[in-house]
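As stored in start-v1.cif (mmCIF, C-alpha atoms):
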```cif
data_model
loop_
_atom_site.label_atom_id
_atom_site.label_comp_id
_atom_site.auth_asym_id
_atom_site.auth_seq_id
_atom_site.Cartn_x
_atom_site.Cartn_y
_atom_site.Cartn_z
CA MET A 1 -160.01 2.67 115.69
CA SER A 2 -157.90 3.09 118.81
CA ASP A 3 -156.12 6.28 119.78
CA VAL A 4 -152.83 4.68 118.82
CA ASP A 5 -154.12 3.73 115.36
CA ARG A 6 -155.54 7.19 114.80
CA VAL A 7 -152.41 9.06 115.84
CA LEU A 8 -150.20 6.66 113.89
CA ALA A 9 -152.25 7.26 110.75
CA GLU A 10 -151.93 11.02 111.24
CA TYR A 11 -148.23 10.73 111.80
CA LYS A 12 -147.74 8.71 108.63
CA GLN A 13 -149.71 11.29 106.71
CA ALA A 14 -147.52 14.07 108.10
CA HIS A 15 -144.38 12.16 107.17
CA ARG A 16 -145.58 11.41 103.67
CA SER A 17 -146.50 15.02 103.08
CA GLY A 18 -142.83 15.89 103.18
CA GLY A 19 -142.74 18.05 106.28
CA GLU A 20 -140.46 17.67 109.23
CA ALA A 21 -142.78 15.11 110.85
CA ASP A 22 -141.35 15.45 114.35
CA PRO A 23 -142.95 12.53 116.22
CA ARG A 24 -142.88 14.11 119.67
CA PRO A 25 -146.09 16.16 119.42
CA PHE A 26 -147.86 13.03 118.23
CA LEU A 27 -146.51 10.99 121.14
CA ALA A 28 -147.68 13.68 123.52
CA ARG A 29 -151.27 12.86 122.60
CA VAL A 30 -151.19 9.43 124.22
CA SER A 31 -149.75 8.16 127.48
CA GLY A 32 -148.49 5.10 129.29
CA VAL A 33 -148.32 1.86 127.34
CA ASP A 34 -150.06 3.54 124.42
CA ARG A 35 -147.13 5.89 124.10
CA GLU A 36 -144.63 3.07 124.14
CA GLN A 37 -146.67 1.27 121.54
CA LEU A 38 -146.99 4.33 119.33
CA ALA A 39 -143.26 5.10 119.60
CA ALA A 40 -142.36 1.58 118.51
CA LEU A 41 -144.81 1.70 115.61
CA ILE A 42 -143.53 5.05 114.39
CA ASP A 43 -139.98 3.79 114.76
CA ALA A 44 -140.73 0.71 112.65
CA TYR A 45 -142.59 2.79 110.07
CA LEU A 46 -139.67 5.22 109.72
CA ALA A 47 -137.14 2.41 109.41
CA ARG A 48 -139.07 1.10 106.41
CA ALA A 49 -139.85 4.44 104.81
CA PRO A 50 -138.42 4.82 101.30
CA ARG A 51 -136.03 7.59 100.33
CA ARG A 52 -137.77 10.90 99.89
CA PRO A 53 -137.69 12.37 96.40
CA PHE A 54 -135.11 15.12 96.21
CA ASP A 55 -136.45 18.65 96.55
CA ALA A 56 -133.63 21.11 95.97
CA ALA A 57 -135.44 24.07 97.52
CA ASP A 58 -136.44 22.17 100.64
CA TYR A 59 -132.96 20.70 100.93
CA ARG A 60 -131.30 24.12 100.90
CA ASP A 61 -133.17 25.14 104.06
CA SER A 62 -132.88 21.81 105.79
CA PRO A 63 -130.52 20.64 108.54
CA ALA A 64 -129.67 17.82 106.15
CA VAL A 65 -127.30 20.27 104.44
CA ALA A 66 -125.02 20.37 107.47
CA ALA A 67 -125.18 16.60 107.80
CA ALA A 68 -124.37 16.14 104.12
CA ASP A 69 -121.46 18.59 104.38
CA ALA A 70 -120.04 16.68 107.32
CA ALA A 71 -120.51 13.40 105.48
CA GLY A 72 -118.69 14.94 102.52
CA ARG A 73 -115.76 15.91 104.71
CA THR A 74 -115.70 12.36 106.00
CA LEU A 75 -115.69 10.81 102.55
CA ALA A 76 -113.27 13.23 100.97
CA GLY A 77 -111.04 13.97 103.93
CA SER A 78 -108.25 12.17 105.68
CA ALA A 79 -109.71 11.83 109.14
CA GLY A 80 -112.56 9.39 108.67
CA LEU A 81 -115.59 10.08 110.79
CA TRP A 82 -114.00 12.75 112.95
CA PRO A 83 -115.81 15.61 111.16
CA VAL A 84 -119.11 14.22 112.40
CA LEU A 85 -118.04 12.40 115.53
CA LEU A 86 -115.92 15.05 117.26
CA PRO A 87 -118.44 17.90 117.14
CA ARG A 88 -121.14 15.52 118.36
CA LEU A 89 -119.06 14.29 121.28
CA ARG A 90 -118.14 17.84 122.21
CA ASN A 91 -121.74 18.96 122.12
CA GLU A 92 -123.00 15.96 124.03
CA ALA A 93 -120.38 16.62 126.68
CA ARG A 94 -121.77 20.16 126.87
CA ILE A 95 -118.32 21.59 126.56
CA LYS A 96 -117.37 24.60 124.48
CA ARG A 97 -114.65 24.16 121.93
CA ALA A 98 -112.41 26.70 123.69
CA ASP A 99 -112.82 24.85 126.99
CA LEU A 100 -112.14 21.52 125.35
CA VAL A 101 -108.99 22.87 123.76
CA ALA A 102 -107.84 24.33 127.06
CA GLU A 103 -108.36 21.02 128.81
CA LEU A 104 -106.75 19.10 125.99
CA ALA A 105 -103.72 21.37 126.06
CA ALA A 106 -103.50 20.95 129.82
CA ARG A 107 -103.72 17.17 129.61
CA LEU A 108 -100.99 17.20 126.96
CA GLY A 109 -98.81 19.46 129.09
CA ALA A 110 -99.01 22.11 126.38
CA GLN A 111 -100.80 24.96 128.14
CA SER A 112 -98.38 27.47 126.68
CA ARG A 113 -99.17 26.24 123.16
CA ARG A 114 -102.91 26.26 123.45
CA GLU A 115 -103.31 28.14 120.17
CA LYS A 116 -101.48 25.46 118.27
CA VAL A 117 -103.51 22.74 119.96
CA ALA A 118 -106.61 24.68 118.93
CA LEU A 119 -105.50 24.75 115.29
CA TYR A 120 -104.80 21.06 115.26
CA TYR A 121 -108.08 20.24 116.96
CA HIS A 122 -109.88 22.39 114.41
CA GLU A 123 -108.20 20.43 111.62
CA MET A 124 -109.32 17.19 113.26
CA GLU A 125 -112.93 18.35 113.30
CA GLN A 126 -112.68 19.48 109.70
CA GLY A 127 -111.25 16.14 108.58
CA ARG A 128 -108.07 17.73 107.30
CA LEU A 129 -105.57 16.29 109.73
CA PRO A 130 -104.54 12.77 108.75
CA ALA A 131 -105.82 10.52 111.49
CA ALA A 132 -102.82 8.22 111.26
CA GLY A 133 -100.56 11.02 112.44
CA VAL A 134 -102.49 11.78 115.61
CA SER A 135 -100.85 10.05 118.56
CA ASP A 136 -102.52 7.77 121.08
CA THR A 137 -101.61 10.34 123.71
CA VAL A 138 -103.84 12.91 122.06
CA LEU A 139 -106.68 10.46 121.53
CA GLU A 140 -106.46 9.22 125.09
CA ALA A 141 -106.62 12.76 126.43
CA LEU A 142 -109.43 13.74 124.10
CA GLY A 143 -111.36 10.57 124.86
CA ARG A 144 -111.22 11.28 128.59
CA ILE A 145 -112.65 14.74 128.06
CA VAL A 146 -115.58 13.68 125.86
CA GLY A 147 -116.17 10.20 127.29
CA TYR A 148 -115.12 8.13 124.31
CA GLY A 149 -112.57 5.34 124.07
CA ARG A 150 -109.16 5.96 122.53
CA GLU A 151 -109.41 2.94 120.26
CA ALA A 152 -112.90 3.87 119.15
CA LEU A 153 -111.64 7.34 118.25
CA ARG A 154 -108.79 5.76 116.32
CA ARG A 155 -111.10 3.46 114.40
CA ALA A 156 -113.48 6.31 113.60
CA GLY A 157 -110.60 8.28 112.16
CA GLU A 158 -109.61 5.43 109.89
CA MET A 159 -112.84 4.92 108.00
CA PRO A 160 -113.35 5.06 105.15
CA ALA A 161 -109.94 4.19 103.76
CA PRO A 162 -108.53 7.30 102.12
CA GLY A 163 -108.93 7.32 98.38
CA GLY A 164 -108.30 9.76 95.59
CA PRO A 165 -106.32 12.94 95.78
CA ALA A 166 -106.14 14.70 99.12
CA PRO A 167 -108.48 17.60 99.75
CA GLU A 168 -107.24 21.12 99.86
CA ALA A 169 -104.71 21.66 102.62
CA GLY A 170 -105.93 23.24 105.83
CA ALA A 171 -104.80 26.16 107.88
CA VAL A 172 -102.09 24.37 109.78
CA TYR A 173 -100.58 22.93 106.63
CA THR A 174 -100.36 26.27 104.96
CA ARG A 175 -97.75 27.22 107.48
CA THR A 176 -95.97 23.93 107.67
CA THR A 177 -94.05 21.59 105.45
CA ARG A 178 -95.15 18.04 104.96
CA VAL A 179 -92.67 15.34 105.83
CA THR A 180 -93.25 13.69 102.48
CA GLU A 181 -93.21 16.90 100.50
CA PRO A 182 -91.97 16.16 97.00
CA PRO A 183 -88.89 18.00 95.84
CA GLY A 184 -89.48 21.20 93.94
CA GLU A 185 -88.84 21.82 90.30
CA PRO A 186 -85.18 21.90 89.25
CA GLY A 187 -83.70 25.19 90.19
CA GLU A 188 -86.49 25.93 92.62
CA GLU A 189 -85.39 26.73 96.12
CA ALA A 190 -86.13 23.84 98.47
CA PRO A 191 -88.44 24.66 101.35
CA GLU A 192 -86.90 25.09 104.73
CA PRO A 193 -87.31 21.88 106.75
CA GLU A 194 -89.72 22.52 109.52
CA GLU A 195 -88.69 22.01 113.06
CA TRP A 196 -91.45 20.25 114.88
CA ASP A 197 -92.12 20.90 118.48
CA GLU A 198 -93.76 18.46 120.87
CA VAL A 199 -97.28 19.52 119.89
CA ASP A 200 -96.54 18.94 116.21
CA ARG A 201 -95.21 15.51 117.01
CA LEU A 202 -98.25 14.66 119.11
CA PHE A 203 -100.64 15.57 116.31
CA ARG A 204 -98.68 14.57 113.26
CA ALA A 205 -96.06 11.95 114.03
CA GLY A 206 -98.45 9.19 115.08
CA MET B 1 -109.09 9.84 85.72
CA ALA B 2 -111.26 8.34 83.00
CA GLY B 3 -114.71 6.96 83.57
CA PHE B 4 -116.33 9.70 85.57
CA HIS B 5 -118.97 11.96 84.11
CA GLU B 6 -120.63 14.53 86.31
CA LEU B 7 -124.41 14.38 86.33
CA PRO B 8 -126.88 17.21 86.99
CA ASP B 9 -128.89 17.16 90.23
CA SER B 10 -132.05 16.27 88.34
CA GLN B 11 -130.45 13.09 87.06
CA LEU B 12 -128.81 12.25 90.38
CA ALA B 13 -132.23 12.32 92.01
CA THR B 14 -133.36 9.47 89.77
CA LEU B 15 -130.51 7.14 90.74
CA SER B 16 -130.95 4.31 93.22
CA ASP B 17 -129.04 4.32 96.50
CA ASP B 18 -126.45 1.90 95.16
CA GLN B 19 -126.03 3.92 92.00
CA LEU B 20 -125.53 7.11 94.00
CA ILE B 21 -122.88 5.45 96.16
CA GLU B 22 -121.10 4.13 93.10
CA TYR B 23 -121.26 7.60 91.56
CA MET B 24 -119.72 9.13 94.69
CA ARG B 25 -116.99 6.53 94.74
CA ARG B 26 -116.10 7.22 91.12
CA ALA B 27 -116.12 10.95 91.78
CA ARG B 28 -113.76 10.51 94.69
CA ASP B 29 -111.46 8.24 92.75
CA ALA B 30 -111.36 10.87 90.04
CA GLY B 31 -110.45 13.52 92.61
CA ARG B 32 -113.79 15.26 92.00
CA HIS B 33 -114.74 15.89 95.60
CA ASP B 34 -116.89 18.79 94.47
CA ALA B 35 -118.98 16.42 92.35
CA MET B 36 -119.56 14.13 95.32
CA LYS B 37 -121.43 16.78 97.25
CA PRO B 38 -124.71 16.88 95.30
CA ALA B 39 -124.94 13.10 95.34
CA ILE B 40 -124.36 13.01 99.09
CA GLY B 41 -127.04 15.67 99.41
CA VAL B 42 -129.60 13.62 97.50
CA LEU B 43 -128.94 10.58 99.64
CA VAL B 44 -128.79 12.32 103.01
CA TYR B 45 -131.83 14.47 102.28
CA GLY B 46 -133.80 11.42 101.22
CA TYR B 47 -133.38 9.68 104.54
CA TRP B 48 -132.94 12.66 106.83
CA ALA B 49 -136.49 12.89 108.15
CA SER B 50 -136.59 9.17 108.89
CA LEU B 51 -133.22 9.16 110.60
CA VAL B 52 -133.61 12.25 112.72
CA ASN B 53 -137.15 11.39 113.76
CA ARG B 54 -136.14 7.89 114.81
CA ALA B 55 -133.36 9.49 116.84
CA ARG B 56 -135.86 11.94 118.38
CA LEU B 57 -137.85 9.00 119.67
CA LYS B 58 -134.95 8.00 121.89
CA LEU B 59 -132.66 10.98 122.40
CA PRO B 60 -132.93 14.57 123.55
CA ALA B 61 -133.78 16.86 120.63
CA ALA B 62 -130.49 18.69 120.94
CA ASP B 63 -128.54 15.53 120.20
CA ALA B 64 -130.83 13.75 117.76
CA GLU B 65 -129.67 15.62 114.66
CA GLU B 66 -126.00 15.06 115.40
CA VAL B 67 -126.47 11.36 116.03
CA ALA B 68 -128.49 11.09 112.82
CA GLY B 69 -125.79 12.95 110.92
CA GLU B 70 -123.10 10.70 112.26
CA ALA B 71 -125.12 7.65 111.31
CA ALA B 72 -125.46 8.92 107.74
CA ALA B 73 -121.73 9.58 107.48
CA SER B 74 -120.84 6.22 109.07
CA ALA B 75 -123.13 4.30 106.75
CA LEU B 76 -121.73 6.06 103.71
CA ALA B 77 -118.17 5.54 104.89
CA ALA B 78 -118.74 1.80 105.25
CA ALA B 79 -120.31 1.68 101.82
CA PHE B 80 -117.25 3.45 100.44
CA ASP B 81 -114.97 0.95 102.07
CA GLY B 82 -116.60 -1.72 99.96
CA LYS B 83 -118.04 -3.55 102.95
CA SER B 84 -120.93 -5.83 102.16
CA ILE B 85 -123.79 -3.80 103.56
CA GLY B 86 -126.78 -5.23 101.69
CA GLU B 87 -129.60 -2.78 101.17
CA PHE B 88 -128.35 0.71 101.99
CA ARG B 89 -131.53 1.81 103.75
CA ALA B 90 -131.49 -1.16 106.13
CA TRP B 91 -127.79 -0.61 106.73
CA LEU B 92 -128.35 3.07 107.46
CA HIS B 93 -130.94 2.28 110.09
CA THR B 94 -128.77 -0.43 111.62
CA ILE B 95 -125.98 2.09 111.99
CA LEU B 96 -128.39 4.59 113.53
CA GLY B 97 -129.28 1.99 116.16
CA ARG B 98 -125.60 1.48 116.93
CA ARG B 99 -124.92 5.20 117.20
CA ILE B 100 -127.84 5.57 119.60
CA ALA B 101 -126.43 2.73 121.71
CA ASP B 102 -123.01 4.43 121.58
CA TYR B 103 -124.64 7.62 122.77
CA PHE B 104 -125.94 5.97 125.91
CA GLU B 105 -122.64 4.18 126.51
CA ALA B 106 -120.75 7.46 126.21
CA ARG B 107 -123.10 9.07 128.71
CA LYS B 108 -122.19 6.43 131.25
CA ARG B 109 -118.46 6.97 130.72
CA ARG B 110 -118.40 10.72 130.39
CA PRO B 111 -117.16 12.65 133.42
CA GLN B 112 -119.82 15.06 134.57
CA THR B 113 -117.61 18.13 134.38
CA THR B 114 -120.35 20.42 133.18
CA PRO B 115 -124.03 20.55 133.97
CA LEU B 116 -126.20 18.38 131.78
CA PRO B 117 -129.10 20.02 130.07
CA SER B 118 -131.11 20.62 133.17
CA GLU B 119 -131.06 24.24 132.12
CA HIS B 120 -133.38 23.31 129.30
CA GLU B 121 -135.95 21.70 131.53
CA GLY B 122 -139.40 22.91 130.75
CA GLU B 123 -138.56 23.84 127.19
CA GLU B 124 -139.70 20.54 125.82
CA ASP B 125 -143.04 19.44 127.10
CA VAL B 126 -142.68 15.75 126.51
CA TRP B 127 -139.06 14.73 126.31
CA GLY B 128 -137.51 17.64 128.09
CA ALA B 129 -136.13 15.54 130.89
CA GLU B 130 -132.59 14.32 130.55
CA PRO B 131 -132.48 10.99 128.86
CA ALA B 132 -132.01 8.01 131.07
CA ALA B 133 -130.65 4.61 130.20
CA GLU B 134 -134.17 3.26 130.74
CA PHE B 135 -135.26 5.15 127.62
CA GLU B 136 -133.22 2.84 125.52
CA GLY B 137 -134.27 -0.20 127.49
CA GLU B 138 -137.95 0.64 127.05
CA ALA B 139 -137.52 1.22 123.35
CA LEU B 140 -135.70 -2.06 122.91
CA PHE B 141 -138.35 -3.92 124.86
CA ALA B 142 -141.12 -2.36 122.79
CA HIS B 143 -139.25 -3.25 119.62
CA ASP B 144 -138.96 -6.86 120.80
CA CYS B 145 -142.67 -6.99 121.56
CA LEU B 146 -143.46 -5.63 118.11
CA THR B 147 -141.22 -8.21 116.48
CA ARG B 148 -142.76 -11.01 118.50
CA ALA B 149 -146.32 -9.98 117.70
CA TYR B 150 -145.35 -9.88 114.04
CA GLU B 151 -143.63 -13.27 114.11
CA GLU B 152 -146.62 -14.86 115.78
CA ILE B 153 -148.60 -14.21 112.61
CA ASP B 154 -148.42 -17.38 110.55
CA ALA B 155 -150.17 -16.41 107.35
CA PRO B 156 -147.89 -14.55 104.91
CA ARG B 157 -150.89 -12.61 103.62
CA HIS B 158 -151.64 -11.36 107.10
CA ARG B 159 -148.02 -10.33 107.60
CA ARG B 160 -148.29 -8.42 104.40
CA VAL B 161 -151.20 -6.49 105.87
CA ILE B 162 -148.93 -5.42 108.71
CA ASP B 163 -146.16 -4.50 106.28
CA LEU B 164 -148.35 -2.46 103.98
CA TYR B 165 -150.94 -1.01 106.32
CA VAL B 166 -149.75 -0.88 109.93
CA LEU B 167 -146.06 -0.26 109.30
CA GLY B 168 -146.34 0.92 105.73
CA PRO B 169 -147.77 3.93 103.96
CA HIS B 170 -150.90 2.37 102.47
CA ALA B 171 -154.55 2.88 103.37
CA ALA B 172 -156.68 -0.14 104.26
CA ALA B 173 -158.51 -0.21 100.93
CA GLU B 174 -155.30 0.10 98.99
CA THR B 175 -153.71 -2.64 101.07
CA ALA B 176 -156.63 -4.96 100.34
CA ARG B 177 -156.30 -4.21 96.64
CA LEU B 178 -152.55 -4.81 96.62
CA ILE B 179 -152.89 -8.15 98.37
CA GLY B 180 -155.90 -9.22 96.34
CA ALA B 181 -157.17 -12.79 96.37
CA GLY B 182 -160.23 -12.01 98.43
CA MET B 183 -158.65 -9.65 100.93
CA THR B 184 -161.15 -6.95 101.86
CA GLU B 185 -160.86 -3.64 103.64
CA PRO B 186 -162.69 -4.97 106.74
CA ASN B 187 -160.25 -7.92 106.75
CA VAL B 188 -157.35 -5.51 106.77
CA HIS B 189 -158.79 -3.62 109.73
CA GLN B 190 -159.48 -6.86 111.56
CA ILE B 191 -155.96 -8.24 111.06
CA ALA B 192 -154.39 -4.93 112.01
CA SER B 193 -156.55 -4.61 115.10
CA ARG B 194 -155.71 -8.13 116.26
CA PHE B 195 -152.01 -7.41 115.77
CA GLN B 196 -152.18 -4.15 117.71
CA ARG B 197 -154.03 -5.81 120.58
CA ARG B 198 -151.44 -8.57 120.79
CA PHE B 199 -148.62 -6.05 120.66
CA LYS B 200 -150.16 -4.06 123.49
CA THR B 201 -150.73 -7.17 125.59
CA LEU B 202 -147.08 -8.11 125.25
CA LEU B 203 -146.08 -4.62 126.31
CA GLU B 204 -148.35 -4.73 129.35
CA GLU B 205 -147.18 -8.19 130.33
CA GLY B 206 -143.63 -6.88 130.32
CA ASN B 207 -144.54 -4.66 133.23
CA THR B 208 -142.41 -1.89 131.79
CA ALA B 209 -142.08 1.44 133.45
CA ILE B 210 -144.90 3.54 132.12
CA ARG B 211 -144.02 7.05 131.05
CA ARG B 212 -146.69 9.51 131.99
#
```

Translate the structure of the given file into structure tokens.
Amino acid sequence: MSDVDRVLAEYKQAHRSGGEADPRPFLARVSGVDREQLAALIDAYLARAPRRPFDAADYRDSPAVAAADAAGRTLAGSAGLWPVLLPRLRNEARIKRADLVAELAARLGAQSRREKVALYYHEMEQGRLPAAGVSDTVLEALGRIVGYGREALRRAGEMPAPGGPAPEAGAVYTRTTRVTEPPGEPGEEAPEPEEWDEVDRLFRAG
Amino acid sequence: MAGFHELPDSQLATLSDDQLIEYMRRARDAGRHDAMKPAIGVLVYGYWASLVNRARLKLPAADAEEVAGEAAASALAAAFDGKSIGEFRAWLHTILGRRIADYFEARKRRPQTTPLPSEHEGEEDVWGAEPAAEFEGEALFAHDCLTRAYEEIDAPRHRRVIDLYVLGPHAAAETARLIGAGMTEPNVHQIASRFQRRFKTLLEEGNTAIRR
């Protein structure tokens, strides 16, 4: 049995046992072409591995919780894949959220309204800001900061197609009035129409 | 909305991938976003180790989990959209491959306004260096060699040895038993060994950059 065969067998055993099964320590045991070979074999093995049986206790402590939460915001929200995509792009760009917001505000010419830009950006990451309302100007500026195309950002925000009732309104909405707000009950005082500024229009008017 | 009945976690865990996705879709259509969460958890948990570890083979550790998470969400989103995705597991891994490719593309485009993770150098003994585009190229080349070595095997029974033993979870004896019809444990080892040698030869012939 070659080194590659032996390490592969050990890796498969570790994976089947339900642990984390990080492949990197296993790869570290071989070098050169053997390492390439082992990496490809582990990759192919993992791609074929069946779904692990659910273990509620293990799940609670696993990073899969955060991934599942983000997937849930994607499926239930109104901003498609932004809840998973935007934090990833920001992290990969090694840029703090506050710095990203500052740069975004600057690129939008809204330095004096940085706080509002921050709220809207937060809603984008949470999947609570309808993607259709976010202008190309914002996506272009954001894309330049994180190295992602405007159109790709747009497409990511549009999938999956919204379905079912909207999720609970976010922080920005609690202080604002929706354009399509239905009229109140008879006798109820109508809400004051909101006056949008340029930042609102950039993030909500499409 | 009629037609949706919430299931306990224990029952969700017994559903197939397609059944879980259908359950989530019905929960969403019924406005029961809270009921979607456990089903998403069962599905994401079930594939998490495979996804994140495949990502770790190609990406820096700091980014692997996020790329894996995005792949899971993307795959689920497409399934929700009613796209024809075939088997969910295969689709999930296809999407992971695309997200990894996107990752490298984004690195090329991204302005280098902040230092890349050189500050972490030395923290990871093997893959601590910043990823380079060659990483992906090497992995793709190795994948092609693996595919070619597999496709060069004519006998379906021998391919099954590779599926069950080399790339699958079964031991040699178990593989021989599953295939039957005269297949023995030494046969399994022999077929696997020949396949591995051919795979390695193809890799060496490719004159790839060797990582030391």

- Message: Please report the interatomic distance between atom CA of B:Leu167 and atom CA of A:Asp43 in Å with one decimal.
- Response: 9.1 Å

- Item | Residue nearest chain A - candidates B:His5, B:Arg26, B:His93, B:Arg198, atoms counted: only C-alpha atoms |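 Of B:His5, B:Arg26, B:His93, B:Arg198, the one nearest chain A, counting only C-alpha atoms, is B:His93.
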
- Message: Within 6 Å of chain B, which residues belong to chain A? Use only C-alpha atoms and report them as a list in words.
- Response: Asp22, Ser31, Gly32, Ala40, Asp43, Tyr45, Leu46, Arg51, Arg52, Phe54, Ala64, Ala67, Ala68, Ala71, Val84, Arg88, Gly147, Tyr148, Pro160, Gly164 and Pro165 of chain A

Same residues, C-alpha atoms, output as a short mmCIF file (atom, residue, chain, number, x, y, z; two decimals), in the coordinates of the input:
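selection23.cif, written as the output of this step:
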```cif
data_model
loop_
_atom_site.label_atom_id
_atom_site.label_comp_id
_atom_site.auth_asym_id
_atom_site.auth_seq_id
_atom_site.Cartn_x
_atom_site.Cartn_y
_atom_site.Cartn_z
CA ASP A 22 -141.35 15.45 114.35
CA SER A 31 -149.75 8.16 127.48
CA GLY A 32 -148.49 5.10 129.29
CA ALA A 40 -142.36 1.58 118.51
CA ASP A 43 -139.98 3.79 114.76
CA TYR A 45 -142.59 2.79 110.07
CA LEU A 46 -139.67 5.22 109.72
CA ARG A 51 -136.03 7.59 100.33
CA ARG A 52 -137.77 10.90 99.89
CA PHE A 54 -135.11 15.12 96.21
CA ALA A 64 -129.67 17.82 106.15
CA ALA A 67 -125.18 16.60 107.80
CA ALA A 68 -124.37 16.14 104.12
CA ALA A 71 -120.51 13.40 105.48
CA VAL A 84 -119.11 14.22 112.40
CA ARG A 88 -121.14 15.52 118.36
CA GLY A 147 -116.17 10.20 127.29
CA TYR A 148 -115.12 8.13 124.31
CA PRO A 160 -113.35 5.06 105.15
CA GLY A 164 -108.30 9.76 95.59
CA PRO A 165 -106.32 12.94 95.78
#
```

- Message: Just the number, please: distance in Å from atom CA of A:Asp197 to atom CA of A:Arg128, one decimal.
- Response: 19.7 Å

- Close residues, A:Ala98 itself excluded, 12 Å, all atoms listed in the file, min 2 positions apart in chain, as an MDAnalysis selection string: chainID A and resid 90 94:96 100:105 114:115 117:119 121:122

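The residues returned by the PyMOL selection byres ((chain A and resi 134) around 9) on the shown structure are A:Leu129, A:Pro130, A:Ala131, A:Ala132, A:Gly133, A:Ser135, A:Asp136, A:Thr137, A:Val138, A:Leu139, A:Arg154, A:Arg201, A:Leu202, A:Phe203, A:Arg204, A:Ala205, A:Gly206.
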
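In this comparison, which uses only C-alpha atoms, the residue of A:Ala14, A:Met159, A:Leu108, A:Leu8 approaching A:Val30 most closely is A:Leu8.
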
- Task: Can you work out the spacing between atom CA of B:Asp18 and atom CA of B:Glu87 in Å, to one decimal?
- Result: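 Between atom CA of B:Asp18 and atom CA of B:Glu87 the gap works out to 8.2 Å.
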
- Name the residues in contact with A:Asp34 at a cut-off of 9 Å, using only C-alpha atoms, excluding same-chain residues fewer than 5 positions from it; report them as a ChimeraX atom specification. /A:3-4,27,39 /B:200

Could you please take those selected residues and save C-alpha atoms as a PDB file, in the coordinates of the input?
```
ATOM      1  CA  ASP A   3    -156.120   6.280 119.780  1.00  0.00           C
ATOM      2  CA  VAL A   4    -152.830   4.680 118.820  1.00  0.00           C
ATOM      3  CA  LEU A  27    -146.510  10.990 121.140  1.00  0.00           C
ATOM      4  CA  ALA A  39    -143.260   5.100 119.600  1.00  0.00           C
TER       5      ALA A  39
ATOM      6  CA  LYS B 200    -150.160  -4.060 123.490  1.00  0.00           C
TER       7      LYS B 200
END
```
